[in-house]
Amino acid sequence: MAAQAQKANAPSRELLEKLFRTAYKIRVFESEGIKLYRQGLIRGYFHPYLGQEGIATGVCAALQEGDFIASTHRGHGHCIAWGADVKRMVAELLQKETGYCRGYGGSMHIADIRAGNLGANGIVGAGTPLGVGAALANQIKGNDAVTVTFSTDGASNNGTFLESLNLAAIWNLSYVLVVENNQYAVSTRIEESTRDVDLYKRGLAIGVESHQVDGNDSLAVYHLMQDAVEKCRRGEGPILIEAKTYRHMGHHVNDPGKYMPADTLAYYKERDPVDRARNALVEIVGLDQAEIEAIENEIKQEFEDAVEFSKASREITLAEFNEFVEAY
Amino acid sequence: MAAQAQKANAPSRELLEKLFRTAYKIRVFESEGIKLYRQGLIRGYFHPYLGQEGIATGVCAALQEGDFIASTHRGHGHCIAWGADVKRMVAELLQKETGYCRGYGGSMHIADIRAGNLGANGIVGAGTPLGVGAALANQIKGNDAVTVTFSTDGASNNGTFLESLNLAAIWNLSYVLVVENNQYAVSTRIEESTRDVDLYKRGLAIGVESHQVDGNDSLAVYHLMQDAVEKCRRGEGPILIEAKTYRHMGHHVNDPGKYMPADTLAYYKERDPVDRARNALVEIVGLDQAEIEAIENEIKQEFEDAVEFSKASREITLAEFNEFVEAY
Amino acid sequence: MAREIMYRDALREAIDEEMERDSTVFIIGEGIAERGGSYKVTEGLLSKYGPKRVRDTPIAEAGMIGVGVGAAIAGARPIVEILYIDFAMLGMDMIVNQAAKFRLMTGGDGRVPFVMRTQGGTGGGVAAQHSQSLEALFYHIPGLKVVMPSTPADAKGLLKYALRQPDPVMFLEHKHLYMTKGLVPDGEHVIEFGKGDIKRPGKDVTLIAWSNMIPRTLEAAERLAAEGIDAEVIDPRTLVPLDKDMILGSVAKTNRAVIVQEAVRRGGVASDIASIIQEEAFYQLDAPIEIVAGLNIPIPFNLELEKASVPQVDDIVLAVRRTLHSKPLAQAAE
Amino acid sequence: MAREIMYRDALREAIDEEMERDSTVFIIGEGIAERGGSYKVTEGLLSKYGPKRVRDTPIAEAGMIGVGVGAAIAGARPIVEILYIDFAMLGMDMIVNQAAKFRLMTGGDGRVPFVMRTQGGTGGGVAAQHSQSLEALFYHIPGLKVVMPSTPADAKGLLKYALRQPDPVMFLEHKHLYMTKGLVPDGEHVIEFGKGDIKRPGKDVTLIAWSNMIPRTLEAAERLAAEGIDAEVIDPRTLVPLDKDMILGSVAKTNRAVIVQEAVRRGGVASDIASIIQEEAFYQLDAPIEIVAGLNIPIPFNLELEKASVPQVDDIVLAVRRTLHSKPLAQAAE
Ligand SMILES: Cc1ncc(C[n+]2csc(CCOP(=O)(O)OP(=O)(O)O)c2C)c(N)n1
Ligand SMILES: Cc1ncc(C[n+]2csc(CCOP(=O)(O)OP(=O)(O)O)c2C)c(N)n1
Ligand SMILES: [Mg+2]
Ligand SMILES: [Mg+2]
């Protein structure tokens, strides 16, 4: 989570490894999580971040402790990139008392409020005002924290987009709105939802510095974000970043996603963000296959341990619940 | 309300007289209405349209029977330009049974639903979705009606702006959003509410043809609107028109408007829309003072008659009300 | 004659028949056109009625509802589908301040034949923002009709009626009911608002419930029958207008009432029905009216806690027993 | 010692003192900074605390409320002023789905010390969209505190408490009360939530009211006193949490209750309080609980009709008389 000092051109091994580790950890979490879902261990909604890993990875690498994030219904990736403990994440999905929300929240509400992660949200678009609010709180407290809301193409057609980004603008908040444009809202193509698919223009129209980036390129996202964060800390926020990307599967675990054209899917899979992060490590810093595998195995092991931990954890008891109800 | 066929260059006497009559009628209605308010004959809210007459005047001159309008809390001008009966308007403000809403609505809800005026609205921004809905109904019915929402600078920062204009856009509705940018929301200057005061850009950002016009020039508004209406009837809607203007006084009758800088106010008063409509009639068509006065006296008389009529009207009885309550 | 079909199919039949009958009926919602809706209620309508009358929307609930209200005012017959009742909160202004009030504000001239279809209730781990039962919010707003069908036949008949009457209707389905089956009469089947239905006649106690609490209450009634308690189960079907006569008639007979609602206890519709019964049938009551309702808490993700948050069959049975063991007033007053 | 000040001044004192005490308290709203607010509650705060902590906003209620909730989650103490409670409908998602549920959804870790100040009620011709009493909507949502002060002292003490406790508070003022006067204690004056106040002790009948119905109910009580009827007037002050003990204690003494609310009858808070009383004090009631409430209709512009739509002193007096003339149950049961 520590901000990186150096600029483009020669990315350090440290940075590239960090990007790959994060992207890969998300990939493992989602792929293995889907298996747990299919085994019936996870219920409710599960929206995988597969294919979009580059965004959370690049964005969070440019943030530091004390910053805040707010997320979407597709929030596992943001949570991981933010540095969450995979154990407590899996435990939450398995509705265990050791989960981040003690099993009260689940996938759609996973949060780590103590670390400045305001959490996933079941209401599309709701993370924007919440994030702007966190930025406002930090401005009032007088610190230099930056707040990021991860948002979506779907949320960009919702009123909260305009209202809250406009508030961030008139108040010059240290706020970055990251619009993950994966070009779908469930099965609805972005072209059906708006006439202009370049969503960053909506920021420009209200005087907000706005950029577009390839969301599958975690390094590009990182550099753009690093610049945005610096500007914010100088009081030149807010900034909007539209990151184009594509899902690797349907909207949620049970959506086969048949409506996604095979050739478009293939196009994006060729530009897989995890592969690209791995390749960068191999090509730019020269890691060999064994080194890569060591990293991958470590991450896989971390997930397996998390499953063990979660299975061994207990659920909230009815007595504990009743106490909570009384106090609510 | 009949659409004019001819284009710019040589405006007809008919058109110019119509524009002046409408603008002047609004001027009289508001100035005299304020007196009734001060006499205690009108209660609740009264938001005068003084200074903004050019917009409703120009817009409605380009519409025809069968079209629809939706209005704002500052709705008298739209109502009059739409061709409403001044008698029933005054009666409504005086809460009489002969009023457009039988005294149930008042200034903020004055409507003439049978003639396609969806009415004023007490909720800033609400007219936008309602107008888009009327346009949708007409598209479904397959007629060529155009619907206009009169909206405001204030409403442009509200979520309904983005959500409903975007719906109008993806459905290619015959819809014109007229943003009356009078540069204030009560006492809040537009510069405090947004970084970019050119509101038409928000239409452009979502692929909507958008224009800016001097709202104090009813003829310019008319021409732009005529073009927009033609495009809509050809299926090329929606269109956004931002009309810049300025109030001649505070936000409502009881607001002295001290926050409005004297020089800016003077600037706009020099460009008074009623004077300009009158001057056009004198300069372009050559009407003399006597002819102008005849028109003005006729309109003043119409208002006086309306007051007489309204004073002589009765209010809804409690028995009638109870019947309404039972049926509600 | 009648056919046994699913609740979701009954809804589709109603929409289909009314779209056929009235060319101004149209439907908009998220994923309702090409995909046929998250609960398959609108499957096949796009190909039958075309993209003008069956439209997908962006994620813009306030806009969708507002546009529906405007279309209704302008003389069309919109159905706006909101995926979850929870999301209707985004469009509350359009419901509360526009749809519900337009008729009054126009002195009676303006009408809003607008139907919002949505679904609520708990559904197995979808957590706090996708599990609410919010009918009480609409119930409190004058001008709205509130409909909560519990069976396929009621769903069909009430939705058809909704599309023929002039006022805004909150048509509230339940996520657990879509795949339940029931007999639906053949041919034209329309059910007027304001007429409750006795789902089970009985003489010992009046049970009032709606939506997904009906199957649970009927199950409770069967268990009580085994104990020799003969419960009458009343489904008002429409909460506004409410069939007070049916409720008061039943209480006059049984002298005891239990109201079952999935929504949270505090400020729910059950409280209002209780207040009406105690006001109008005070001298007929032999025991306090019992309310079996959701806990005053958002719905937790954890499934056991979710279950504990809303009424189960056991809770209903226990409440009825409590009611019957209460001493009659005449004794108490002595 | 105490001073006689206006309700609006009492509110300003509370905000001022809490802003002084806690540097994370801030306030946003339409026209609240330079103009000092439509009801002059925030006058002078801008010059004292500066534009960082006292901010005007665009007309974006959902955004304002949402931003307030976010700021609260992130550790500040926002006050969001919404001009009319009617406009809060635009921010319902943020209130219902975010503010109220965050604590539960985070398993207790997340708290939302957010205060929304707004005002409701009829006010002389401001019509359907500016006259509502909508407390019942918030009352029904678990996680929200609902506060409705009727006097300057209560306004001050409760607002100060609101700014020190960890949950979202709907602080509902009344447009008719801003310029009413009352004694407010000098020095630190904080009133805990959940403690009702007996505004007039009495023994014959319990009258429960809040907000602007308190002055009317007190007036009714005086008129009843002249008839020899000694009414106790209870102001719960906070509807959530509700001081059930005080209400039940009073009913145990008087055996009769009348609840007065400005909001419409159907589904109002009065119904819920009635349901609680009948449930917990059934055997102590000598007559049905009367509810005096608004008609089930949006508020008309016409002033006579507006008056007819909400409870007046006469209505309260009549209801109390009806209650007292009801035959006690013991007799009725015979
Ligand atoms: C306000 C709201 N409306 C509808 C939904 C149902 N819903 C959940 S995810 C989703 C699609 C979201 O698409 P997008 O915002 O682009 O995010 P993505 O799923 O592509 O990450 C919808 C419609 C919701 N959760 N909230
Ligand atoms: C949703 C909403 N918020 C606040 C108000 C209170 N209000 C009435 S008019 C007004 C200012 C409106 O400014 P603008 O929209 O620019 O219209 P103008 O008065 O300038 O015509 C405000 C804040 C309202 N009526 N509705
Ligand atoms: Mg998307
Ligand atoms: Mg303005």
# chains A, B, ... in the order shown; residues from 1 in each chain; ligands from 1
call {"tool": "residues_near_ligand", "arguments": {"ligand": "ligand 4", "cutoff": "6 Å", "atoms": "only C-alpha atoms and all ligand atoms", "output": "list in words"}}
result
Thr152, Asp153, Gly154, Asn181, Asn182, Gln183, Tyr184 and Ala185 of chain B
call {"tool": "residues_around", "arguments": {"residues": "segment 229-242 of chain A", "least_positions_apart": "2", "cutoff": "7 Å", "atoms": "only C-alpha atoms", "output": "list in words"}}
result
Asp144, Val146, Ala168, Ala169, Asn172, Leu173, Ser174, Tyr175, Val176, Leu177, Val178, Val179, Glu180, Asn181, Leu199, Tyr200, Gly203, Val208, Glu209, Ser210, His211, Gln212, Val213, Met225, Gln226, Asp227 and Lys244 of chain A
call {"tool": "closest_residue", "arguments": {"among": "D:Glu13, D:Glu30, D:Ala74, D:Gly37", "to": "chain A", "atoms": "only C-alpha atoms"}}
result
D:Ala74
call {"tool": "closest_residue", "arguments": {"among": "C:Lys253, C:Ile82, C:Gly194, C:Pro58", "to": "ligand 3", "atoms": "only C-alpha atoms and all ligand atoms"}}
result
C:Pro58
call {"tool": "interface_residues", "arguments": {"of": "chain A", "to": "chain B", "cutoff": "7 Å", "atoms": "only C-alpha atoms", "output": "short mmCIF file (atom, residue, chain, number, x, y, z; two decimals) with all heavy atoms, in the first residue's frame"}}
result
data_model
loop_
_atom_site.label_atom_id
_atom_site.label_comp_id
_atom_site.auth_asym_id
_atom_site.auth_seq_id
_atom_site.Cartn_x
_atom_site.Cartn_y
_atom_site.Cartn_z
N ASN A 157 -24.50 6.20 -15.18
CA ASN A 157 -25.80 6.69 -15.64
C ASN A 157 -26.73 6.99 -14.48
O ASN A 157 -27.91 7.29 -14.68
CB ASN A 157 -26.46 5.66 -16.57
CG ASN A 157 -25.62 5.40 -17.79
OD1 ASN A 157 -25.13 6.33 -18.41
ND2 ASN A 157 -25.43 4.13 -18.13
N ASN A 158 -26.20 6.86 -13.29
CA ASN A 158 -27.02 7.07 -12.10
C ASN A 158 -26.77 8.47 -11.55
O ASN A 158 -25.65 8.99 -11.62
CB ASN A 158 -26.64 6.00 -11.06
CG ASN A 158 -27.68 5.88 -9.99
OD1 ASN A 158 -27.73 6.69 -9.07
ND2 ASN A 158 -28.56 4.89 -10.13
N GLY A 159 -27.81 9.03 -10.97
CA GLY A 159 -27.74 10.40 -10.49
C GLY A 159 -26.63 10.67 -9.50
O GLY A 159 -26.06 11.77 -9.47
N THR A 160 -26.30 9.67 -8.70
CA THR A 160 -25.25 9.87 -7.70
C THR A 160 -23.92 10.25 -8.35
O THR A 160 -23.12 10.95 -7.74
CB THR A 160 -25.03 8.58 -6.88
OG1 THR A 160 -24.93 7.48 -7.78
CG2 THR A 160 -26.18 8.35 -5.93
N LEU A 162 -23.33 12.25 -10.97
CA LEU A 162 -23.29 13.70 -11.19
C LEU A 162 -23.27 14.46 -9.87
O LEU A 162 -22.46 15.36 -9.66
CB LEU A 162 -24.52 14.12 -12.02
CG LEU A 162 -24.76 15.62 -12.17
CD1 LEU A 162 -23.60 16.28 -12.90
CD2 LEU A 162 -26.06 15.88 -12.91
N GLU A 163 -24.18 14.10 -8.98
CA GLU A 163 -24.32 14.87 -7.75
C GLU A 163 -23.05 14.85 -6.92
O GLU A 163 -22.59 15.89 -6.43
CB GLU A 163 -25.49 14.36 -6.92
CG GLU A 163 -26.83 14.60 -7.58
CD GLU A 163 -28.02 14.39 -6.66
OE1 GLU A 163 -27.84 14.28 -5.43
OE2 GLU A 163 -29.15 14.34 -7.19
N ASN A 166 -19.77 16.27 -8.62
CA ASN A 166 -19.87 17.74 -8.64
C ASN A 166 -19.54 18.34 -7.27
O ASN A 166 -18.87 19.37 -7.18
CB ASN A 166 -21.27 18.16 -9.10
CG ASN A 166 -21.38 19.65 -9.34
OD1 ASN A 166 -20.60 20.22 -10.09
ND2 ASN A 166 -22.34 20.29 -8.67
N ALA A 169 -15.93 18.30 -6.80
CA ALA A 169 -15.27 19.31 -7.63
C ALA A 169 -15.35 20.69 -6.99
O ALA A 169 -14.35 21.38 -6.87
CB ALA A 169 -15.90 19.32 -9.02
N ILE A 170 -16.55 21.09 -6.58
CA ILE A 170 -16.64 22.45 -6.04
C ILE A 170 -15.87 22.58 -4.73
O ILE A 170 -15.47 23.67 -4.36
CB ILE A 170 -18.10 22.92 -5.86
CG1 ILE A 170 -18.88 22.02 -4.92
CG2 ILE A 170 -18.79 23.04 -7.21
CD1 ILE A 170 -20.27 22.55 -4.56
N GLU A 192 -26.15 0.27 -25.25
CA GLU A 192 -27.60 0.38 -25.07
C GLU A 192 -27.95 1.35 -23.95
O GLU A 192 -29.10 1.78 -23.83
CB GLU A 192 -28.20 -0.98 -24.70
CG GLU A 192 -27.95 -2.07 -25.71
CD GLU A 192 -28.42 -3.42 -25.16
OE1 GLU A 192 -29.64 -3.64 -25.07
OE2 GLU A 192 -27.55 -4.24 -24.79
N SER A 193 -26.97 1.68 -23.12
CA SER A 193 -27.23 2.49 -21.94
C SER A 193 -26.87 3.95 -22.12
O SER A 193 -27.27 4.79 -21.33
CB SER A 193 -26.42 1.97 -20.75
OG SER A 193 -26.98 0.79 -20.28
N THR A 194 -26.09 4.23 -23.13
CA THR A 194 -25.70 5.62 -23.34
C THR A 194 -25.23 5.80 -24.76
O THR A 194 -24.78 4.85 -25.42
CB THR A 194 -24.57 6.02 -22.36
OG1 THR A 194 -24.25 7.39 -22.59
CG2 THR A 194 -23.32 5.17 -22.56
N ARG A 195 -25.32 7.03 -25.25
CA ARG A 195 -24.88 7.32 -26.61
C ARG A 195 -23.38 7.50 -26.70
O ARG A 195 -22.81 7.36 -27.76
CB ARG A 195 -25.54 8.61 -27.09
CG ARG A 195 -26.96 8.44 -27.53
CD ARG A 195 -27.47 9.78 -28.02
NE ARG A 195 -28.81 9.69 -28.59
CZ ARG A 195 -29.43 10.73 -29.13
NH1 ARG A 195 -28.85 11.93 -29.16
NH2 ARG A 195 -30.65 10.60 -29.61
N ASP A 196 -22.76 7.90 -25.60
CA ASP A 196 -21.32 8.14 -25.65
C ASP A 196 -20.64 7.24 -24.64
O ASP A 196 -20.76 7.43 -23.43
CB ASP A 196 -21.00 9.62 -25.37
CG ASP A 196 -19.58 9.95 -25.79
OD1 ASP A 196 -18.71 9.05 -25.71
OD2 ASP A 196 -19.34 11.10 -26.20
N LYS A 201 -15.73 11.78 -20.33
CA LYS A 201 -16.23 13.09 -20.78
C LYS A 201 -17.22 13.70 -19.79
O LYS A 201 -17.40 14.91 -19.75
CB LYS A 201 -16.90 12.95 -22.14
CG LYS A 201 -15.94 12.57 -23.25
CD LYS A 201 -16.69 12.46 -24.57
CE LYS A 201 -15.76 11.90 -25.66
NZ LYS A 201 -16.56 11.53 -26.85
N ARG A 202 -17.86 12.84 -19.03
CA ARG A 202 -18.83 13.36 -18.06
C ARG A 202 -18.15 14.11 -16.93
O ARG A 202 -18.76 14.96 -16.31
CB ARG A 202 -19.65 12.20 -17.50
CG ARG A 202 -20.39 11.48 -18.59
CD ARG A 202 -21.22 10.35 -18.09
NE ARG A 202 -21.79 9.65 -19.24
CZ ARG A 202 -22.75 8.77 -19.18
NH1 ARG A 202 -23.27 8.45 -18.00
NH2 ARG A 202 -23.22 8.20 -20.25
N ALA A 205 -17.16 17.58 -18.41
CA ALA A 205 -18.29 18.50 -18.55
C ALA A 205 -18.56 19.29 -17.27
O ALA A 205 -19.20 20.35 -17.33
CB ALA A 205 -19.54 17.73 -18.96
N ILE A 206 -18.10 18.79 -16.15
CA ILE A 206 -18.29 19.55 -14.92
C ILE A 206 -16.95 20.02 -14.36
O ILE A 206 -16.83 20.29 -13.16
CB ILE A 206 -19.11 18.77 -13.86
CG1 ILE A 206 -18.50 17.42 -13.54
CG2 ILE A 206 -20.55 18.59 -14.34
CD1 ILE A 206 -19.15 16.72 -12.33
N GLY A 207 -15.98 20.13 -15.24
CA GLY A 207 -14.73 20.76 -14.85
C GLY A 207 -13.79 19.89 -14.04
O GLY A 207 -12.93 20.40 -13.32
#
call {"tool": "interface_residues", "arguments": {"of": "chain C", "to": "chain D", "cutoff": "6 Å", "atoms": "only C-alpha atoms", "output": "VMD selection string"}}
result
chain C and resid 89 to 90 92 to 93 97 129 137 140 142 266 to 267 271 to 272 274 to 275 279 282 288 296 to 297 330 333
call {"tool": "residues_around", "arguments": {"residues": "segment 36-40 of chain B", "least_positions_apart": "3", "cutoff": "9 Å", "atoms": "only C-alpha atoms", "output": "list in words"}}
result
Glu32, Gly33, Arg43, Phe46, Leu94 and Val253 of chain B
call {"tool": "write_last_selection", "arguments": {"atoms": "N, CA, C and O atoms", "output": "mmCIF file, in the first residue's frame"}}
result
data_model
loop_
_atom_site.group_PDB
_atom_site.id
_atom_site.type_symbol
_atom_site.label_atom_id
_atom_site.label_comp_id
_atom_site.auth_asym_id
_atom_site.auth_seq_id
_atom_site.Cartn_x
_atom_site.Cartn_y
_atom_site.Cartn_z
ATOM 1 N N GLU B 32 -48.346 42.288 -11.263
ATOM 2 C CA GLU B 32 -49.631 42.483 -10.587
ATOM 3 C C GLU B 32 -49.862 41.390 -9.545
ATOM 4 O O GLU B 32 -50.454 41.632 -8.496
ATOM 5 N N GLY B 33 -49.403 40.199 -9.867
ATOM 6 C CA GLY B 33 -49.541 39.090 -8.924
ATOM 7 C C GLY B 33 -48.825 39.396 -7.614
ATOM 8 O O GLY B 33 -49.322 39.107 -6.520
ATOM 9 N N ARG B 43 -51.184 33.263 -0.775
ATOM 10 C CA ARG B 43 -50.322 32.747 0.290
ATOM 11 C C ARG B 43 -49.357 31.699 -0.241
ATOM 12 O O ARG B 43 -49.467 31.276 -1.389
ATOM 13 N N PHE B 46 -44.456 32.168 -4.084
ATOM 14 C CA PHE B 46 -44.692 32.881 -5.344
ATOM 15 C C PHE B 46 -43.311 33.225 -5.882
ATOM 16 O O PHE B 46 -42.629 34.088 -5.360
ATOM 17 N N LEU B 94 -55.486 32.343 -6.037
ATOM 18 C CA LEU B 94 -56.387 32.812 -4.976
ATOM 19 C C LEU B 94 -57.168 31.654 -4.344
ATOM 20 O O LEU B 94 -58.157 31.864 -3.653
ATOM 21 N N VAL B 253 -41.189 36.287 -3.713
ATOM 22 C CA VAL B 253 -41.709 37.618 -3.416
ATOM 23 C C VAL B 253 -41.062 38.226 -2.174
ATOM 24 O O VAL B 253 -40.782 39.421 -2.141
#
